[in-house]
Amino acid sequence: MSKATDNVLSIRNLSIDYATQEGSLKALRNVDLDIPKGQIVGVVGESGCGKSTLISSIIQLMANNAKTTSGTVFFEGEDLLTMSPTKLKSLRGQRMSIVFQDPMSTLNPVLTIGKQMVDIQYRDKRSKSQKRQRSADMLAQVGIPDPASRLNQYPHEFSGGMQQRISIAMALQAQPALLIADEPTTALDATLEVQIIDMLKELQSSIGCSILFISHHLGVIAELCNQVVVMYAGEIVEQGPVSRVFKSPKHPYTQKLLECDPASIAKKTRNLPTIEGEIPNLSDLPAGCIFTSRCHKKTAQCEELKPKRHAVTQGATEKHFVTCHLESL
Amino acid sequence: MSQLLEVNNLRVQFRVKSSMVSWLQKAETPFIDAVRDVSFKIKEGETFTLVGESGSGKSTLANAVVGLLPTASGSINFMGDDVTQMPDKQLRAYRKQISMMWQNPTGSLSPRMQVGDAITEPYKIHNLSDRDKQQEAKRLLNLVGLSARFQDRYPHQLSGGQARRVGVARALALNPKLIVADEPTAGLDVSVQGEILNLLNRLQDDLGVSLFVITHNLNIVRHISDRTAIMYLGRFVEEGPTDDIFVNPHHPYTLALLSANPEVTNVGALERIALKGEVPSLMHRPSGCEFHTRCPFAQELCATVAPVGIDFGFEYSATCHYPR
């Protein structure tokens, strides 16, 4: 494992429970995740796999019934879990920021873009015109033509793709160390999706921030990210460099997921592959591997014993990990 | 296969706010065309897919076809009757034949209504009170692969995929001839997405229902649809058999869409055609070919003269001066 100082974010053994009427629901279990400086890390997984819980624990805005039962979340060398609320507040929007799925509900419809972009710079001791200039520069960077005058416009006067670019501009305005992007291209069509991806790549290299990119769309992850993390029912089942994980997936779940992607099915079919079964009940976890009930390769030991994390490639610089019994040999 | 739905030169307009001064000067028309000169046909038992970016008029067209929006001109023929000319009473009968699957599955179910009541509500609306609701609810849930237990659930107790299935069940309640599905797989994981699409395909094979699917996910279009139309700024730029469009697209916008589709395998294998600029506003439609402001192949002619549809035969057409 690389040294903690090379990572913007370093999560170790993180487990989060939600208190519900049916008992405690174990939404995240023993998650280890590193985001190296200047890298784009993608997270894939079905809904309910803990992606949102992961985000909320990174920005430390958790639901009232959530409880962190174990682990550490180191951000730029400091543990977010033990940090004071004031310190946390000074990090959010400055050192880490977030872009959400739907730009129309992120931007305030009754304020101009300029007003909103200046407002979020409230911590800076600059004149208003300087702040405005900075906002205009940022809009130009995300490819909005004629930025100075467009600052006076309202969100509805922009197209969907532009709105999403504006929310990215707002998130990156403070030059954060970490940008969290929660399915930012789901609401856009293919050409705009590609525009956003190319723009994120460009901005990432010019600002030098790291990006945690969450998406259902495997193609987007393949194109944008350096590393990919595959989550299933609150656990990380496989992680490694995108090219390696997508080219030779080791975990049966990753294999199934890639098979299900309609883009990867060359022949036209009216019967698309699916993953049989459902996600197990997270308040009553199975004893063995979490994926056993849906796994097509399970053995007797999978039902009883929890698999450990293994490195697939020994000695390589870029590590590829999988949590499966089949790989432990 | 016989013709089920035939839409001719359909136009849907929305009024926009205009200033008093411009109104007095009659400077600008207070309307924008959300859908302009759209014609297409759907045969019985066929799947027709509409692709286009957000704001291109897809949902507006769907709502107009279902009879939920007034049309400015053009006709919608459903089994020989013009929907745009129908009196209210007849419209009601028409809506029995055609049903809608809404974009947001949980949002389109009343949070205070149990699933069983929600899917049998169409009977109440259309005065079919003689049917046994319990029995019908069971039958419909069975059709979409949910157990009868789901009758007593509320929408918040359903997962995204289950809510979609309930949406399908409700759409099937009145044995419609045509189901309009607005983004049936938006926000679903690949596996659940496959389940919903398989379900729609199976129902089509079993019941012979036609499907009108709206989506911006190109990956699914290839697997489910017989015919596809590509929409840009409220117009069809290309329409034809899905297989042909995917193999050999003629319109530059279609070409750009297909080449932009990010894939896991062979990344960067297709040479990507980048579109420049922004989607123009409907208030200020570009002159000539409306796509020329973003088209990588645009020439002088495109900026001034609007192209007419070119028919390539076998019900395949594209609207471009210089088709690929």
# chains A, B, ... in the order shown; residues from 1 in each chain; ligands from 1
call {"tool": "closest_atom_pairs", "arguments": {"of": "chain B", "to": "chain A", "cutoff": "7 Å", "atoms": "only C-alpha atoms", "output": "Markdown table"}}
result
| residue | atom | partner | partner_atom | distance |
| --- | --- | --- | --- | --- |
| B:Glu53 | CA | A:Asp189 | CA | 4.9 |
| B:Ser54 | CA | A:Leu188 | CA | 6.7 |
| B:Asp189 | CA | A:Glu46 | CA | 5.5 |
| B:Val190 | CA | A:Asp261 | CA | 5.7 |
| B:Ser191 | CA | A:Thr274 | CA | 4.7 |
| B:Val192 | CA | A:Thr274 | CA | 7.0 |
| B:Gly194 | CA | A:Leu272 | CA | 5.3 |
| B:Glu195 | CA | A:Thr274 | CA | 6.2 |
| B:Asn198 | CA | A:Asn271 | CA | 5.4 |
| B:Asn201 | CA | A:Arg270 | CA | 6.4 |
| B:His216 | CA | A:Asp189 | CA | 5.5 |
| B:Asn219 | CA | A:Ala263 | CA | 4.9 |
| B:Ile220 | CA | A:Pro262 | CA | 6.1 |
| B:Arg222 | CA | A:Lys268 | CA | 6.5 |
| B:His223 | CA | A:Lys268 | CA | 5.2 |
| B:Ile224 | CA | A:Arg270 | CA | 6.2 |
| B:Ala256 | CA | A:Thr191 | CA | 6.9 |
| B:Leu257 | CA | A:Thr191 | CA | 5.6 |
| B:Ala260 | CA | A:Thr191 | CA | 5.4 |
| B:Asn261 | CA | A:Ala190 | CA | 5.5 |
| B:Pro262 | CA | A:Gly219 | CA | 4.7 |
| B:Glu263 | CA | A:Gly219 | CA | 4.0 |
| B:Val264 | CA | A:Gly219 | CA | 4.4 |
| B:Thr265 | CA | A:Ser264 | CA | 6.7 |
| B:Val267 | CA | A:Glu223 | CA | 6.8 |
call {"tool": "select_by_dssp", "arguments": {"residues": "region 126-323 of chain B", "states": "strand (DSSP E)", "output": "PyMOL selection string"}}
result
chain B and resi 178-182+210-215+227-232+235-241+309-311+317-319
call {"tool": "residues_around", "arguments": {"residues": "region 173-178 of chain A", "least_positions_apart": "3", "cutoff": "6 Å", "atoms": "only C-alpha atoms", "output": "mmCIF file with all heavy atoms, in the first residue's frame"}}
result
data_model
loop_
_atom_site.group_PDB
_atom_site.id
_atom_site.type_symbol
_atom_site.label_atom_id
_atom_site.label_comp_id
_atom_site.auth_asym_id
_atom_site.auth_seq_id
_atom_site.Cartn_x
_atom_site.Cartn_y
_atom_site.Cartn_z
ATOM 1 N N GLN A 94 -14.384 24.179 -0.072
ATOM 2 C CA GLN A 94 -13.061 24.770 -0.272
ATOM 3 C C GLN A 94 -12.067 23.700 -0.734
ATOM 4 O O GLN A 94 -11.473 23.812 -1.777
ATOM 5 C CB GLN A 94 -12.553 25.406 1.032
ATOM 6 C CG GLN A 94 -13.229 26.683 1.411
ATOM 7 C CD GLN A 94 -12.920 27.791 0.414
ATOM 8 O OE1 GLN A 94 -13.750 28.142 -0.404
ATOM 9 N NE2 GLN A 94 -11.709 28.337 0.467
ATOM 10 N N ARG A 95 -11.883 22.701 0.129
ATOM 11 C CA ARG A 95 -10.922 21.648 -0.208
ATOM 12 C C ARG A 95 -11.593 20.449 -0.865
ATOM 13 O O ARG A 95 -10.969 19.678 -1.541
ATOM 14 C CB ARG A 95 -10.176 21.194 1.067
ATOM 15 C CG ARG A 95 -9.389 22.291 1.772
ATOM 16 C CD ARG A 95 -8.374 22.924 0.861
ATOM 17 N NE ARG A 95 -7.389 21.970 0.353
ATOM 18 C CZ ARG A 95 -6.729 22.139 -0.794
ATOM 19 N NH1 ARG A 95 -6.953 23.185 -1.547
ATOM 20 N NH2 ARG A 95 -5.851 21.243 -1.172
ATOM 21 N N MET A 96 -12.865 20.243 -0.555
ATOM 22 C CA MET A 96 -13.608 19.194 -1.250
ATOM 23 C C MET A 96 -14.964 19.751 -1.662
ATOM 24 O O MET A 96 -15.590 20.504 -0.939
ATOM 25 C CB MET A 96 -13.785 17.963 -0.358
ATOM 26 C CG MET A 96 -14.505 18.212 0.932
ATOM 27 S SD MET A 96 -14.998 16.665 1.695
ATOM 28 C CE MET A 96 -13.665 16.377 2.815
ATOM 29 N N ALA A 169 -18.279 24.172 -12.694
ATOM 30 C CA ALA A 169 -17.484 25.398 -12.515
ATOM 31 C C ALA A 169 -17.569 25.886 -11.075
ATOM 32 O O ALA A 169 -16.573 26.269 -10.467
ATOM 33 C CB ALA A 169 -17.980 26.487 -13.467
ATOM 34 N N MET A 170 -18.784 25.851 -10.502
ATOM 35 C CA MET A 170 -18.965 26.296 -9.121
ATOM 36 C C MET A 170 -18.191 25.407 -8.158
ATOM 37 O O MET A 170 -17.586 25.875 -7.202
ATOM 38 C CB MET A 170 -20.453 26.296 -8.754
ATOM 39 C CG MET A 170 -21.216 27.431 -9.385
ATOM 40 S SD MET A 170 -22.977 27.288 -9.122
ATOM 41 C CE MET A 170 -23.123 27.968 -7.488
ATOM 42 N N CYS A 209 -6.715 18.436 -9.285
ATOM 43 C CA CYS A 209 -7.472 17.846 -8.188
ATOM 44 C C CYS A 209 -7.681 16.351 -8.439
ATOM 45 O O CYS A 209 -7.412 15.849 -9.519
ATOM 46 C CB CYS A 209 -8.817 18.540 -8.043
ATOM 47 S SG CYS A 209 -9.858 18.363 -9.487
ATOM 48 N N SER A 210 -8.151 15.656 -7.424
ATOM 49 C CA SER A 210 -8.556 14.270 -7.592
ATOM 50 C C SER A 210 -10.071 14.246 -7.754
ATOM 51 O O SER A 210 -10.756 15.134 -7.258
ATOM 52 C CB SER A 210 -8.176 13.444 -6.373
ATOM 53 O OG SER A 210 -6.823 13.613 -6.083
ATOM 54 N N ILE A 211 -10.560 13.220 -8.431
ATOM 55 C CA ILE A 211 -12.007 13.131 -8.609
ATOM 56 C C ILE A 211 -12.500 11.759 -8.173
ATOM 57 O O ILE A 211 -11.903 10.735 -8.512
ATOM 58 C CB ILE A 211 -12.401 13.379 -10.084
ATOM 59 C CG1 ILE A 211 -11.935 14.760 -10.551
ATOM 60 C CG2 ILE A 211 -13.902 13.240 -10.271
ATOM 61 C CD1 ILE A 211 -12.236 15.067 -12.004
#
call {"tool": "residues_around", "arguments": {"residues": "Ala27 (chain A)", "least_positions_apart": "6", "cutoff": "8 Å", "atoms": "only C-alpha atoms", "output": "short mmCIF file (atom, residue, chain, number, x, y, z; two decimals) with N, CA, C and O atoms, in the first residue's frame"}}
result
data_model
loop_
_atom_site.label_atom_id
_atom_site.label_comp_id
_atom_site.auth_asym_id
_atom_site.auth_seq_id
_atom_site.Cartn_x
_atom_site.Cartn_y
_atom_site.Cartn_z
N SER A 15 -16.96 1.31 8.50
CA SER A 15 -18.26 0.63 8.58
C SER A 15 -19.29 1.62 9.09
O SER A 15 -19.04 2.33 10.05
N ILE A 16 -20.43 1.63 8.42
CA ILE A 16 -21.51 2.54 8.84
C ILE A 16 -22.82 1.77 8.95
O ILE A 16 -23.18 0.99 8.06
N ASP A 17 -23.51 1.98 10.06
CA ASP A 17 -24.81 1.35 10.29
C ASP A 17 -25.90 2.40 10.27
O ASP A 17 -25.67 3.55 10.63
N TYR A 18 -27.09 2.00 9.85
CA TYR A 18 -28.26 2.85 10.00
C TYR A 18 -29.20 2.19 10.99
O TYR A 18 -29.49 1.00 10.86
N CYS A 49 -26.03 -0.13 -2.98
CA CYS A 49 -24.76 -0.78 -2.66
C CYS A 49 -23.91 0.08 -1.72
O CYS A 49 -22.83 -0.33 -1.33
N GLY A 50 -24.39 1.25 -1.36
CA GLY A 50 -23.68 2.06 -0.39
C GLY A 50 -22.90 3.22 -0.98
O GLY A 50 -22.13 3.86 -0.27
N THR A 53 -23.98 6.44 0.80
CA THR A 53 -23.49 6.44 2.18
C THR A 53 -22.01 6.78 2.20
O THR A 53 -21.54 7.53 3.05
N ALA A 233 -23.55 -4.40 -2.25
CA ALA A 233 -24.22 -4.52 -0.96
C ALA A 233 -23.37 -4.01 0.21
O ALA A 233 -23.33 -4.63 1.26
N GLY A 234 -22.69 -2.90 0.02
CA GLY A 234 -21.97 -2.28 1.13
C GLY A 234 -20.53 -2.70 1.28
O GLY A 234 -19.86 -2.31 2.24
N LEU A 282 -29.63 -6.25 4.37
CA LEU A 282 -28.43 -5.74 5.04
C LEU A 282 -28.56 -5.70 6.56
O LEU A 282 -27.60 -5.41 7.26
#
call {"tool": "residues_around", "arguments": {"residues": "Phe48 (chain B)", "least_positions_apart": "5", "cutoff": "8 Å", "atoms": "only C-alpha atoms", "output": "MDAnalysis selection string"}}
result
chainID B and resid 42 211:213 225:229
call {"tool": "closest_residue", "arguments": {"among": "B:Ala274, B:Val144, B:Trp102, B:Val209", "to": "Asp198 (chain A)", "atoms": "only C-alpha atoms"}}
result
B:Ala274
call {"tool": "decode", "arguments": {"residues": "region 64-132 of chain A", "atoms": "C-alpha atoms", "output": "compact mmCIF listing (two decimals), in the first residue's frame"}}
result
# COMPACT_ATOMS: atom_id res chain seq x y z
CA ASN A 64 -29.40 11.30 11.80
CA ASN A 65 -29.75 7.55 12.19
CA ALA A 66 -26.32 6.79 10.73
CA LYS A 67 -23.56 5.60 13.00
CA THR A 68 -19.92 5.04 12.10
CA THR A 69 -19.00 1.83 13.89
CA SER A 70 -15.38 1.55 12.83
CA GLY A 71 -12.69 3.04 10.65
CA THR A 72 -10.93 6.24 9.68
CA VAL A 73 -11.38 8.69 6.83
CA PHE A 74 -8.16 10.60 6.29
CA PHE A 75 -8.42 13.65 4.06
CA GLU A 76 -5.14 15.44 3.37
CA GLY A 77 -3.64 13.76 6.39
CA GLU A 78 -6.39 14.50 8.91
CA ASP A 79 -9.15 12.22 10.14
CA LEU A 80 -12.54 13.64 9.19
CA LEU A 81 -14.31 11.45 11.73
CA THR A 82 -12.67 13.18 14.71
CA MET A 83 -12.54 16.67 13.23
CA SER A 84 -14.39 19.59 14.80
CA PRO A 85 -17.56 20.77 13.00
CA THR A 86 -16.01 24.22 12.39
CA LYS A 87 -12.97 22.72 10.74
CA LEU A 88 -15.17 20.45 8.65
CA LYS A 89 -17.24 23.37 7.51
CA SER A 90 -14.12 25.18 6.35
CA LEU A 91 -13.14 22.17 4.26
CA ARG A 92 -16.45 21.67 2.49
CA GLY A 93 -16.70 23.72 -0.67
CA GLN A 94 -13.06 24.77 -0.27
CA ARG A 95 -10.92 21.65 -0.21
CA MET A 96 -13.61 19.19 -1.25
CA SER A 97 -16.70 19.87 -3.31
CA ILE A 98 -19.44 17.94 -4.97
CA VAL A 99 -21.42 17.88 -8.21
CA PHE A 100 -24.83 16.26 -8.12
CA GLN A 101 -26.87 14.33 -10.64
CA ASP A 102 -29.50 16.89 -11.54
CA PRO A 103 -28.14 20.40 -12.23
CA MET A 104 -31.59 21.98 -12.32
CA SER A 105 -32.22 21.10 -8.70
CA THR A 106 -28.70 22.07 -7.59
CA LEU A 107 -28.87 25.62 -8.90
CA ASN A 108 -31.21 28.10 -7.28
CA PRO A 109 -33.84 29.00 -9.91
CA VAL A 110 -34.56 32.48 -8.56
CA LEU A 111 -30.97 33.79 -8.40
CA THR A 112 -28.71 34.63 -11.31
CA ILE A 113 -25.72 32.39 -11.97
CA GLY A 114 -23.41 35.30 -11.14
CA LYS A 115 -25.03 35.93 -7.77
CA GLN A 116 -24.75 32.25 -6.86
CA MET A 117 -21.16 31.96 -7.99
CA VAL A 118 -20.14 35.07 -6.04
CA ASP A 119 -22.11 34.01 -2.96
CA ILE A 120 -20.24 30.77 -2.57
CA GLN A 121 -16.95 32.69 -2.34
CA TYR A 122 -18.07 34.24 0.93
CA ARG A 123 -14.95 33.05 2.72
CA ASP A 124 -12.58 34.98 0.46
CA LYS A 125 -11.48 38.46 1.35
CA ARG A 126 -11.74 39.98 -2.08
CA SER A 127 -13.80 42.70 -3.62
CA LYS A 128 -17.06 41.77 -5.25
CA SER A 129 -15.79 42.66 -8.69
CA GLN A 130 -12.77 40.44 -8.21
CA LYS A 131 -15.03 37.58 -7.20
CA ARG A 132 -17.19 38.21 -10.22
